[in-house]
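Here the structure is laid out as structure tokens; the discussion comes afterwards.
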Amino acid sequence: MLRISLEGVGKTYPGNERPSVDGVDLEVQPGEFLCLLGPSGCGKSTTLRMIAGLEHPDTGRITLGERVVDDVAAGTRLDAERRGLGLVFQNYALWPHLTVRENVEFGPAVQKLPRAERRDRAHEALATLAISELAERYPSALSGGQQQRVAIARTLAARPQIMLLDEPLSNLDARLRLEMRAEFQRLHRQTGNTMVFVTHDQFEAMTLATRIVVMDQGRIQQVGTPLEIYNRPANRFVAQFMGNPPINILERGEPGAAAQRIESWFEARGLDVASAGIRPEDLRLQPQLAGPDALDLQLEVSALLPTGGSWIIELGDGTRRFFATSQQRPEVTCGQRITAWAASQHIHLFDRAGMRHQPLEVAA
């Protein structure tokens, strides 16, 4: 297991004014499952490709273990094939004329290992992914999930200490994505490899990662465990990017009854903040349970949306929409006016720059 270190890493593609990756500092610990998460164009895949050696930075330094693989100032640049990394991409890139076993043996063959050792490694990797029965089939006879498992087995057969995965599940349907997420978790526990996983899917990141790196516009917005990222977002971007349904944001100075209520609630507590966020699961519909410091909002139910295991309740004040969620069927009807509320400790506060404000308990 190796540590990955990025120091001041930047990359700007020709013809672009804005850097794709802008001064990234990051430490990936040995044996960690780290997810790079963010919207399209945020720089997550470019960061992964620079770690892999498929792209080289314009600034900064990248270290794998004790070995410097990229150092712009010193002129150091190690090619991808010499870094000893395992790569799994969105495109499985299996050789169509080779059987599954021959595809899995390809990595050890490139390493010039003896035939017997190549066979042993392929057998072990196929068994690890529970696809030994597919060994003599060709890729055209496999489903998407089976092809993905073969691509992972091929990477495992080379026995890398670091695995880099660039949106490997994006071509699969919802059920296969769920199965493969469980497969990646099991694989990480079994191998102990350092894994860096790129995704734009927050659900994937929340369920897989030991730590998440949220990126936007080439910069790291926050690094933390899944629960730290969700429960204590560093800024409004992270708060709004994480969560489905999205967090409810109330702005100071906006029109509408809800905005006027948040304004008076801020003033009563001497809060010099620009906005507040309430997660849908923290917006409650039983006013009799609200504490004395709760924020209460007069809203109208506009829609009840069953999702199977839970309900989404859409609310409004005539100006904007809010979302609440419930694990039980809500005892409200469309068109009904209700008092929704949130406890003070569940309200996220942001300053005028969009950064997280001091905890409410301190400010109150």
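Ligands are numbered from 1 in the order shown, chains are lettered A, B, ... in the order of the structure tokens, and residues start at 1 in each chain.
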A:Ala122: which residues within 12 Å, counting only C-alpha atoms, same-chain residues fewer than 5 positions away excluded, as a ChimeraX atom specification? /A:99-109,113,115-117,127-129,131-132,134-136,150-159
If you run DSSP over the backbone, which residues in stretch 93-337 of chain A end up strand (DSSP E)? Put them as an MDAnalysis selection string. chainID A and resid 162:166 194:199 211:216 219:224 248:251 275:278 295:306 311:316 321:326 337
Using DSSP on the backbone coordinates, identify all residues within stretch 29-156 of chain A classified as helix (DSSP H, G or I); present the result as a VMD selection string. chain A and resid 44 to 52 80 to 82 100 to 104 106 to 110 115 to 128 132 to 134 139 to 141 144 to 156
Suppose we keep C-alpha atoms; can you now write the selection as a CSV table (one decimal), in the first residue's frame?
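Produced file part_33.csv, reproduced below:
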```
chain,number,residue,atom,x,y,z
A,44,LYS,CA,-11.6,15.2,-11.0
A,45,SER,CA,-10.8,13.1,-14.0
A,46,THR,CA,-7.9,15.3,-15.0
A,47,THR,CA,-6.5,14.9,-11.4
A,48,LEU,CA,-6.8,11.1,-11.6
A,49,ARG,CA,-5.2,11.1,-15.1
A,50,MET,CA,-2.2,13.1,-13.7
A,51,ILE,CA,-1.8,10.6,-10.9
A,52,ALA,CA,-1.9,7.8,-13.5
A,80,ALA,CA,2.4,5.8,-16.9
A,81,GLU,CA,3.6,2.3,-17.6
A,82,ARG,CA,6.5,2.7,-15.1
A,100,VAL,CA,-11.9,-13.7,-20.5
A,101,ARG,CA,-8.9,-15.6,-19.2
A,102,GLU,CA,-6.6,-14.3,-21.9
A,103,ASN,CA,-7.8,-10.7,-21.2
A,104,VAL,CA,-7.1,-11.1,-17.5
A,106,PHE,CA,-2.8,-9.5,-20.3
A,107,GLY,CA,-1.4,-7.4,-17.4
A,108,PRO,CA,0.9,-10.1,-16.1
A,109,ALA,CA,2.0,-10.8,-19.7
A,110,VAL,CA,3.0,-7.2,-20.1
A,115,ARG,CA,3.2,-18.5,-18.3
A,116,ALA,CA,2.4,-20.6,-15.2
A,117,GLU,CA,2.4,-17.5,-12.9
A,118,ARG,CA,0.2,-15.6,-15.4
A,119,ARG,CA,-2.3,-18.5,-15.3
A,120,ASP,CA,-2.2,-18.6,-11.5
A,121,ARG,CA,-2.8,-14.8,-11.2
A,122,ALA,CA,-5.7,-14.9,-13.7
A,123,HIS,CA,-7.3,-17.8,-11.8
A,124,GLU,CA,-7.0,-16.0,-8.5
A,125,ALA,CA,-8.4,-12.7,-9.9
A,126,LEU,CA,-11.3,-14.5,-11.6
A,127,ALA,CA,-12.2,-16.3,-8.4
A,128,THR,CA,-12.0,-13.0,-6.4
A,132,SER,CA,-14.3,-18.2,-12.9
A,133,GLU,CA,-17.1,-19.9,-15.0
A,134,LEU,CA,-16.7,-17.1,-17.6
A,139,PRO,CA,-16.3,-10.4,-24.3
A,140,SER,CA,-19.2,-10.3,-26.8
A,141,ALA,CA,-20.9,-13.0,-24.9
A,144,GLY,CA,-22.1,-5.1,-19.0
A,145,GLY,CA,-21.7,-6.1,-15.4
A,146,GLN,CA,-19.7,-9.2,-16.4
A,147,GLN,CA,-17.4,-7.1,-18.7
A,148,GLN,CA,-16.8,-4.7,-15.8
A,149,ARG,CA,-15.8,-7.5,-13.5
A,150,VAL,CA,-13.4,-8.8,-16.2
A,151,ALA,CA,-11.8,-5.4,-16.5
A,152,ILE,CA,-11.4,-5.2,-12.7
A,153,ALA,CA,-10.0,-8.8,-12.6
A,154,ARG,CA,-7.5,-7.8,-15.3
A,155,THR,CA,-6.3,-5.0,-13.1
A,156,LEU,CA,-6.1,-7.1,-10.0
```
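When only C-alpha atoms are used to compute distances to A:Leu36, the closest of the residues A:Gln221, A:Ser143, A:Ser275, A:Asn171 turns out to be A:Gln221.
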Mind checking which residues fall within 9 Å of stretch 233-235 of chain A, counting only C-alpha atoms, ignoring those fewer than 3 positions away in the same chain, and posting them as a list in words?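 My reading of the contact set: Gln221, Gln222, Glu228, Ile229, Tyr230, Val238, Ala239, Gln240, Met242, His348, Phe350, Asp351, Ala353, Gly354, Met355, Arg356 and His357 of chain A.
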Export of the given selection (C-alpha atoms) as a short mmCIF file (atom, residue, chain, number, x, y, z; two decimals), in the first residue's frame:
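File produced: selection12.cif:
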```
data_model
loop_
_atom_site.label_atom_id
_atom_site.label_comp_id
_atom_site.auth_asym_id
_atom_site.auth_seq_id
_atom_site.Cartn_x
_atom_site.Cartn_y
_atom_site.Cartn_z
CA GLN A 221 -13.96 22.57 -1.94
CA GLN A 222 -13.88 20.12 0.98
CA GLU A 228 -18.59 15.13 7.61
CA ILE A 229 -19.22 16.30 4.05
CA TYR A 230 -22.97 15.86 4.37
CA VAL A 238 -20.91 21.52 -1.13
CA ALA A 239 -24.24 21.85 0.71
CA GLN A 240 -26.18 22.18 -2.53
CA MET A 242 -24.70 16.88 -1.73
CA HIS A 348 -26.64 25.35 8.14
CA PHE A 350 -23.47 30.63 5.28
CA ASP A 351 -21.84 34.04 5.08
CA ALA A 353 -19.00 34.61 0.47
CA GLY A 354 -20.93 31.34 0.71
CA MET A 355 -18.65 29.87 3.37
CA ARG A 356 -19.93 28.00 6.41
CA HIS A 357 -20.68 30.30 9.33
#
```
Show which residues sit within 12 Å of A:Pro57, as a PyMOL selection string. Count only C-alpha atoms, and ignore same-chain residues fewer than 6 positions away. chain A and resi 6-13+19-24+46-51+69-73+75-78
Can you write out the residues you just picked, keeping C-alpha atoms, as a compact mmCIF listing (two decimals), in the first residue's frame?
```txt
# COMPACT_ATOMS: atom_id res chain seq x y z
CA LEU A 6 -0.19 16.02 -4.63
CA GLU A 7 1.45 19.38 -3.91
CA GLY A 8 0.30 22.49 -5.78
CA VAL A 9 -0.72 20.43 -8.81
CA GLY A 10 -2.19 22.41 -11.70
CA LYS A 11 -3.14 21.72 -15.30
CA THR A 12 -4.34 24.10 -18.02
CA TYR A 13 -5.18 22.74 -21.46
CA PRO A 19 -7.11 25.87 -15.30
CA SER A 20 -8.77 22.46 -15.35
CA VAL A 21 -6.96 21.73 -12.07
CA ASP A 22 -5.88 24.70 -10.00
CA GLY A 23 -3.25 24.25 -7.27
CA VAL A 24 -4.51 21.00 -5.74
CA THR A 46 -7.87 15.28 -14.95
CA THR A 47 -6.53 14.91 -11.40
CA LEU A 48 -6.83 11.11 -11.65
CA ARG A 49 -5.15 11.05 -15.06
CA MET A 50 -2.23 13.07 -13.71
CA ILE A 51 -1.79 10.58 -10.86
CA VAL A 69 6.71 10.67 -10.37
CA ASP A 70 6.06 14.28 -11.46
CA ASP A 71 7.94 17.40 -10.39
CA VAL A 72 7.57 20.32 -12.77
CA ALA A 73 10.23 22.46 -11.08
CA GLY A 75 11.85 18.41 -14.61
CA THR A 76 10.90 14.93 -13.31
CA ARG A 77 8.34 12.98 -15.35
CA LEU A 78 7.72 9.23 -15.06
```
Shortest interatomic distance to A:Glu167 - which of A:Arg211, A:Arg320, A:Arg181, A:Arg83, counting only C-alpha atoms: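 For A:Glu167, the nearest of the given residues is A:Arg181.
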Write out as a list in words the residues lying within 7 Å of A:Asn193, counting only C-alpha atoms and excluding same-chain residues fewer than 3 positions away.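 The residues satisfying every condition are Met1, Gly31, Gln161, Ile162, Met163 and His188 of chain A.
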Selected residues written out with N, CA and C atoms, as a JSON list (two decimals), in the first residue's frame:
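This is the output file part_16.json:
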```
[["chain", "number", "residue", "atom", "x", "y", "z"],
["A", 1, "MET", "N", 0.84, -1.20, 0.00],
["A", 1, "MET", "CA", 0.00, 0.00, 0.00],
["A", 1, "MET", "C", 0.88, 1.25, 0.00],
["A", 31, "GLY", "N", -4.06, 2.40, 1.77],
["A", 31, "GLY", "CA", -5.22, 1.59, 2.05],
["A", 31, "GLY", "C", -6.54, 2.33, 2.06],
["A", 161, "GLN", "N", -0.46, -1.78, -6.23],
["A", 161, "GLN", "CA", -0.68, -1.31, -4.87],
["A", 161, "GLN", "C", -1.69, -0.17, -4.83],
["A", 162, "ILE", "N", -1.91, 0.46, -5.98],
["A", 162, "ILE", "CA", -2.87, 1.56, -6.09],
["A", 162, "ILE", "C", -3.78, 1.27, -7.28],
["A", 163, "MET", "N", -5.11, 1.39, -7.06],
["A", 163, "MET", "CA", -6.07, 1.25, -8.14],
["A", 163, "MET", "C", -6.75, 2.58, -8.39],
["A", 188, "HIS", "N", -12.22, -3.88, -1.80],
["A", 188, "HIS", "CA", -11.34, -3.02, -1.01],
["A", 188, "HIS", "C", -11.02, -3.66, 0.33]]
```
So that I can check the surroundings of A:Glu251, please list as a list in words every protein, DNA and RNA residue that reaches within 7 Å of it, counting only C-alpha atoms and ignoring chain neighbours fewer than 2 positions away.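 In the requested format, the answer is Ile249, Gly253, Glu254, Ala259, Ala274, Ser275 and Ala276 of chain A.
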Between atom CA of A:Val28 and atom CA of A:Arg3, measure the distance and give it in Å to one decimal. 5.7 Å
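By only C-alpha atoms, and with residues fewer than 4 positions from A:Trp265 along its chain excluded, the set lying at most 8 Å from it is Arg261, Arg269 and Leu295 of chain A.
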